[in-house]
Amino acid sequence: MLVVAGTGTGVGKTAVTAAVAALHPGRAAALKPAQTGAVPGEAGDADEVARLAPGTAVCELARYPDPLAPATAARRAGRAGVRAAEAARAARALARENPLVLVEGAGGPLVRLHENGDTLADLAAELAAPVLLVTRAGLGTLNDTAAAAEALAARGLACVGTVIGSWPARPGLAARCNLADLPETSGLPLLGALPGGAARLCPRAFADTAAASLTPRLGGRCGAPPPPRPRVTCGVCC
């Protein structure tokens, strides 16, 4: 069981979730407790994971149309939200059939899932599961990542490390320096950096890119970030 949290919104959690799943073909499941900003019939984050990592079992518990924090979006939809205990039951059910269950949050670890205040951190505690923090590459990420790491540590939650969710093709000075500074400021190992645009690849090329971008701790073969530029085609289906 692994809970995937971001240091904010739009940092690349879904791509990283799919990358880890792609490195465990036929053995992984992905749970999205709350999908926001999507209407019925529209592809959500769980669908994206299923597309990028074929064979991954996916489950979405709730969906709200407004692109807001889950508890806020649920309230505007006239609903209470998803309790941590409810999501934990769903994750355990998936674990009965899948050796690895990835639980993708919405935003950061303290974003509320339910009107009573349940957060992704509460869900991680309910599952006694470690957290993987997905973070940005550029300026400002050191404080964001350190704050998220401290919030997890204050709650007694284990964090396996960080992954940069979208490494730029032409990284600036801040991004290059952050490769060395992130582990020092957060106290967590940097377990990879997924190239920006990787989610646009076909599944075969995406899996190859994931393997080259993530360290063995997550199932990849990367010795140390940054990653190579992603393959544009796989040479088989595209």
# chains A, B, ... in the order shown; residues from 1 in each chain; ligands from 1

call {"tool": "select_by_dssp", "arguments": {"residues": "segment 37-237 of chain A", "states": "helix (DSSP H, G or I)", "output": "JSON, numbers by chain"}}
result
{"A": [45, 46, 47, 48, 49, 50, 51, 52, 70, 71, 72, 73, 74, 75, 76, 84, 85, 86, 87, 88, 89, 90, 91, 92, 93, 94, 95, 120, 121, 122, 123, 124, 125, 126, 127, 141, 142, 143, 144, 145, 146, 147, 148, 149, 150, 151, 152, 153, 154, 173, 174, 175, 176, 177, 178, 179, 180, 181, 182, 183, 184, 185, 186, 198, 199, 200, 203, 204, 205, 206, 207, 208, 209, 210, 211, 212, 213, 216, 217, 218]}

call {"tool": "residues_around", "arguments": {"residues": "Glu60 of chain A", "least_positions_apart": "6", "cutoff": "8 Å", "atoms": "only C-alpha atoms", "output": "CSV table (one decimal) with all heavy atoms, in the first residue's frame"}}
result
chain,number,residue,atom,x,y,z
A,31,LEU,N,-6.4,3.6,-6.4
A,31,LEU,CA,-7.7,4.1,-5.8
A,31,LEU,C,-7.7,5.6,-5.8
A,31,LEU,O,-6.7,6.2,-5.4
A,31,LEU,CB,-7.8,3.5,-4.4
A,31,LEU,CG,-9.0,4.1,-3.6
A,31,LEU,CD1,-10.3,3.7,-4.2
A,31,LEU,CD2,-8.8,3.7,-2.1
A,32,LYS,N,-8.7,6.2,-6.3
A,32,LYS,CA,-8.9,7.6,-6.3
A,32,LYS,C,-10.1,7.9,-5.4
A,32,LYS,O,-11.3,7.7,-5.8
A,32,LYS,CB,-9.2,8.2,-7.7
A,32,LYS,CG,-9.3,9.7,-7.7
A,32,LYS,CD,-7.9,10.4,-7.6
A,32,LYS,CE,-8.1,11.9,-7.8
A,32,LYS,NZ,-6.8,12.6,-7.7
A,33,PRO,N,-9.9,8.3,-4.1
A,33,PRO,CA,-11.1,8.4,-3.2
A,33,PRO,C,-12.0,9.5,-3.7
A,33,PRO,O,-13.2,9.3,-3.6
A,33,PRO,CB,-10.4,8.8,-1.9
A,33,PRO,CG,-9.0,8.3,-2.0
A,33,PRO,CD,-8.6,8.4,-3.4
A,34,ALA,N,-11.5,10.6,-4.2
A,34,ALA,CA,-12.4,11.7,-4.7
A,34,ALA,C,-11.8,12.4,-5.9
A,34,ALA,O,-10.7,12.9,-5.9
A,34,ALA,CB,-12.5,12.7,-3.5
A,35,GLN,N,-12.6,12.4,-7.0
A,35,GLN,CA,-12.2,13.0,-8.2
A,35,GLN,C,-13.0,14.3,-8.3
A,35,GLN,O,-14.3,14.3,-8.2
A,35,GLN,CB,-12.6,12.1,-9.4
A,35,GLN,CG,-12.4,12.8,-10.8
A,35,GLN,CD,-10.9,13.0,-11.1
A,35,GLN,OE1,-10.1,12.1,-11.1
A,35,GLN,NE2,-10.6,14.3,-11.3
A,46,ALA,N,-8.3,8.3,-12.4
A,46,ALA,CA,-8.2,6.8,-12.4
A,46,ALA,C,-8.2,6.3,-13.8
A,46,ALA,O,-7.5,5.3,-14.2
A,46,ALA,CB,-9.3,6.2,-11.6

call {"tool": "closest_atom_pairs", "arguments": {"of": "segment 167-228 of chain A", "to": "segment 22-26 of chain A", "cutoff": "12 Å", "atoms": "only C-alpha atoms", "output": "JSON lines"}}
result
{"residue": "A:Ala199", "atom": "CA", "partner": "A:Ala22", "partner_atom": "CA", "distance": 11.8}
{"residue": "A:Cys202", "atom": "CA", "partner": "A:Ala22", "partner_atom": "CA", "distance": 11.8}
{"residue": "A:Pro203", "atom": "CA", "partner": "A:Ala22", "partner_atom": "CA", "distance": 8.3}
{"residue": "A:Arg204", "atom": "CA", "partner": "A:Ala22", "partner_atom": "CA", "distance": 9.1}
{"residue": "A:Ala205", "atom": "CA", "partner": "A:Ala22", "partner_atom": "CA", "distance": 10.5}
{"residue": "A:Phe206", "atom": "CA", "partner": "A:Ala22", "partner_atom": "CA", "distance": 8.0}
{"residue": "A:Ala207", "atom": "CA", "partner": "A:Ala22", "partner_atom": "CA", "distance": 5.5}
{"residue": "A:Asp208", "atom": "CA", "partner": "A:Leu23", "partner_atom": "CA", "distance": 8.9}
{"residue": "A:Thr209", "atom": "CA", "partner": "A:Ala22", "partner_atom": "CA", "distance": 9.9}
{"residue": "A:Ala210", "atom": "CA", "partner": "A:Leu23", "partner_atom": "CA", "distance": 7.1}
{"residue": "A:Ala211", "atom": "CA", "partner": "A:Leu23", "partner_atom": "CA", "distance": 6.6}
{"residue": "A:Ala212", "atom": "CA", "partner": "A:Leu23", "partner_atom": "CA", "distance": 10.4}
{"residue": "A:Ser213", "atom": "CA", "partner": "A:Leu23", "partner_atom": "CA", "distance": 10.9}
{"residue": "A:Leu214", "atom": "CA", "partner": "A:Leu23", "partner_atom": "CA", "distance": 9.3}
{"residue": "A:Thr215", "atom": "CA", "partner": "A:Leu23", "partner_atom": "CA", "distance": 10.8}
{"residue": "A:Pro216", "atom": "CA", "partner": "A:Leu23", "partner_atom": "CA", "distance": 9.9}
{"residue": "A:Arg217", "atom": "CA", "partner": "A:Leu23", "partner_atom": "CA", "distance": 11.0}
{"residue": "A:Leu218", "atom": "CA", "partner": "A:Leu23", "partner_atom": "CA", "distance": 7.8}
{"residue": "A:Gly219", "atom": "CA", "partner": "A:Leu23", "partner_atom": "CA", "distance": 5.6}
{"residue": "A:Gly220", "atom": "CA", "partner": "A:Leu23", "partner_atom": "CA", "distance": 6.7}
{"residue": "A:Arg221", "atom": "CA", "partner": "A:Leu23", "partner_atom": "CA", "distance": 10.0}

call {"tool": "select_by_dssp", "arguments": {"residues": "segment 58-184 of chain A", "states": "strand (DSSP E)", "output": "list in words"}}
result
Val58, Cys59, Glu60, Leu61, Ala62, Arg63, Tyr64, Leu100, Val101, Leu102, Val103, Glu104, Val131, Leu132, Leu133, Val134, Thr135, Cys159, Val160, Gly161, Thr162, Val163, Ile164, Gly165, Ser166 and Trp167 of chain A

call {"tool": "atom_distance", "arguments": {"atom1": "atom CA of Val82 of chain A", "atom2": "atom CA of Pro40 of chain A"}}
result
17.4 Å

call {"tool": "closest_residue", "arguments": {"among": "A:Ala158, A:Ala180, A:Ala125, A:Leu61", "to": "Gly81 of chain A", "atoms": "only C-alpha atoms"}}
result
A:Leu61

call {"tool": "closest_residue", "arguments": {"among": "A:Pro195, A:Gly156, A:Pro109, A:Pro99", "to": "Ala128 of chain A", "atoms": "only C-alpha atoms"}}
result
A:Gly156

call {"tool": "closest_residue", "arguments": {"among": "A:Thr72, A:Asn116, A:Ser166, A:Thr141", "to": "Asp181 of chain A", "atoms": "only C-alpha atoms"}}
result
A:Thr141

call {"tool": "atom_distance", "arguments": {"atom1": "atom CA of Ala77 of chain A", "atom2": "atom CA of Pro65 of chain A"}}
result
7.8 Å

call {"tool": "atom_distance", "arguments": {"atom1": "atom CA of His114 of chain A", "atom2": "atom CA of Glu126 of chain A"}}
result
14.6 Å

call {"tool": "closest_residue", "arguments": {"among": "A:Tyr64, A:Leu123, A:Leu133, A:Gly187", "to": "Gly41 of chain A", "atoms": "only C-alpha atoms"}}
result
A:Tyr64

call {"tool": "closest_residue", "arguments": {"among": "A:Pro183, A:Gly107, A:Pro225, A:Gly138", "to": "Val4 of chain A", "atoms": "only C-alpha atoms"}}
result
A:Gly107

call {"tool": "residues_around", "arguments": {"residues": "Ala57 of chain A", "least_positions_apart": "6", "cutoff": "12 Å", "atoms": "only C-alpha atoms", "output": "PyMOL selection string"}}
result
chain A and resi 18+21-22+24-32+46-51+91+93-103

call {"tool": "decode", "arguments": {"residues": "segment 21-145 of chain A", "atoms": "C-alpha atoms", "output": "compact mmCIF listing (two decimals), in the first residue's frame"}}
result
# COMPACT_ATOMS: atom_id res chain seq x y z
CA ALA A 21 1.77 1.17 -11.57
CA ALA A 22 3.41 0.69 -14.98
CA LEU A 23 6.50 -0.67 -13.23
CA HIS A 24 4.37 -3.34 -11.53
CA PRO A 25 2.34 -4.68 -14.49
CA GLY A 26 -0.55 -6.92 -13.51
CA ARG A 27 0.22 -6.44 -9.82
CA ALA A 28 -1.02 -2.91 -9.09
CA ALA A 29 -4.31 -1.20 -8.37
CA ALA A 30 -5.02 2.52 -8.09
CA LEU A 31 -7.67 4.06 -5.85
CA LYS A 32 -8.92 7.63 -6.28
CA PRO A 33 -11.05 8.44 -3.23
CA ALA A 34 -12.37 11.70 -4.66
CA GLN A 35 -12.23 13.04 -8.21
CA THR A 36 -13.01 16.72 -8.61
CA GLY A 37 -13.44 18.87 -11.70
CA ALA A 38 -14.97 16.09 -13.80
CA VAL A 39 -18.54 15.34 -14.77
CA PRO A 40 -20.01 11.84 -15.28
CA GLY A 41 -18.71 10.26 -18.46
CA GLU A 42 -15.56 12.40 -18.53
CA ALA A 43 -12.18 10.73 -18.05
CA GLY A 44 -10.78 11.21 -14.56
CA ASP A 45 -7.43 10.52 -12.93
CA ALA A 46 -8.18 6.83 -12.41
CA ASP A 47 -9.00 6.50 -16.11
CA GLU A 48 -5.69 8.16 -16.97
CA VAL A 49 -3.82 5.65 -14.80
CA ALA A 50 -5.65 2.79 -16.51
CA ARG A 51 -4.75 4.22 -19.94
CA LEU A 52 -1.07 4.71 -19.18
CA ALA A 53 -0.60 1.48 -17.23
CA PRO A 54 -2.81 -1.17 -18.87
CA GLY A 55 -3.75 -4.01 -16.56
CA THR A 56 -3.96 -1.75 -13.52
CA ALA A 57 -7.19 -2.18 -11.57
CA VAL A 58 -8.67 1.25 -10.84
CA CYS A 59 -11.41 2.47 -8.53
CA GLU A 60 -12.97 5.90 -8.01
CA LEU A 61 -15.19 6.38 -4.95
CA ALA A 62 -16.71 9.82 -5.55
CA ARG A 63 -16.85 12.43 -8.28
CA TYR A 64 -17.73 16.12 -8.05
CA PRO A 65 -17.99 18.53 -10.98
CA ASP A 66 -16.35 21.59 -9.44
CA PRO A 67 -12.52 21.79 -9.61
CA LEU A 68 -12.11 22.42 -5.89
CA ALA A 69 -10.81 20.67 -2.81
CA PRO A 70 -12.85 17.46 -2.34
CA ALA A 71 -14.75 18.54 0.79
CA THR A 72 -15.64 21.89 -0.79
CA ALA A 73 -16.62 20.32 -4.09
CA ALA A 74 -18.71 17.73 -2.23
CA ARG A 75 -20.52 20.44 -0.25
CA ARG A 76 -21.37 22.34 -3.42
CA ALA A 77 -22.74 19.09 -4.87
CA GLY A 78 -24.92 18.57 -1.79
CA ARG A 79 -22.83 15.71 -0.43
CA ALA A 80 -20.72 15.13 2.66
CA GLY A 81 -17.61 13.73 1.00
CA VAL A 82 -15.59 10.56 1.54
CA ARG A 83 -14.64 9.40 5.03
CA ALA A 84 -11.11 8.12 5.59
CA ALA A 85 -12.51 4.85 6.94
CA GLU A 86 -14.61 4.35 3.79
CA ALA A 87 -11.61 4.89 1.52
CA ALA A 88 -9.51 2.57 3.70
CA ARG A 89 -12.07 -0.20 3.28
CA ALA A 90 -11.94 0.23 -0.49
CA ALA A 91 -8.14 0.14 -0.47
CA ARG A 92 -8.09 -3.04 1.60
CA ALA A 93 -10.59 -4.65 -0.75
CA LEU A 94 -8.30 -3.89 -3.70
CA ALA A 95 -5.33 -5.26 -1.74
CA ARG A 96 -6.98 -8.68 -1.54
CA GLU A 97 -6.46 -9.07 -5.31
CA ASN A 98 -3.47 -6.78 -5.97
CA PRO A 99 -0.06 -6.87 -4.26
CA LEU A 100 0.41 -3.10 -4.67
CA VAL A 101 -2.37 -0.56 -4.05
CA LEU A 102 -1.68 3.08 -4.89
CA VAL A 103 -4.01 5.62 -3.27
CA GLU A 104 -3.91 8.93 -5.13
CA GLY A 105 -5.04 11.98 -3.21
CA ALA A 106 -6.22 15.38 -4.40
CA GLY A 107 -3.69 18.11 -3.72
CA GLY A 108 -1.66 17.89 -0.53
CA PRO A 109 -1.81 15.54 2.46
CA LEU A 110 -3.93 17.94 4.54
CA VAL A 111 -6.62 18.59 1.93
CA ARG A 112 -9.98 17.60 3.38
CA LEU A 113 -11.92 14.71 1.85
CA HIS A 114 -15.02 15.05 4.05
CA GLU A 115 -16.98 17.77 5.81
CA ASN A 116 -15.97 16.29 9.18
CA GLY A 117 -12.34 17.11 8.40
CA ASP A 118 -10.97 13.75 7.25
CA THR A 119 -7.81 14.29 5.18
CA LEU A 120 -5.52 12.20 3.00
CA ALA A 121 -3.13 12.09 5.96
CA ASP A 122 -5.94 10.57 8.04
CA LEU A 123 -6.44 7.96 5.33
CA ALA A 124 -2.73 7.11 5.36
CA ALA A 125 -2.93 6.73 9.14
CA GLU A 126 -6.03 4.54 8.84
CA LEU A 127 -4.14 2.27 6.45
CA ALA A 128 -0.82 2.51 8.30
CA ALA A 129 0.58 3.11 4.82
CA PRO A 130 3.65 5.12 3.80
CA VAL A 131 3.32 8.27 1.71
CA LEU A 132 5.08 9.23 -1.51
CA LEU A 133 5.31 13.00 -1.98
CA VAL A 134 5.11 14.37 -5.53
CA THR A 135 6.61 17.80 -5.85
CA ARG A 136 7.45 20.52 -8.36
CA ALA A 137 10.85 21.10 -9.91
CA GLY A 138 11.18 24.87 -9.75
CA LEU A 139 11.40 27.81 -7.40
CA GLY A 140 9.32 27.44 -4.24
CA THR A 141 9.37 23.66 -4.13
CA LEU A 142 11.87 23.47 -1.27
CA ASN A 143 9.52 25.15 1.21
CA ASP A 144 6.44 23.30 -0.11
CA THR A 145 8.15 19.93 0.18
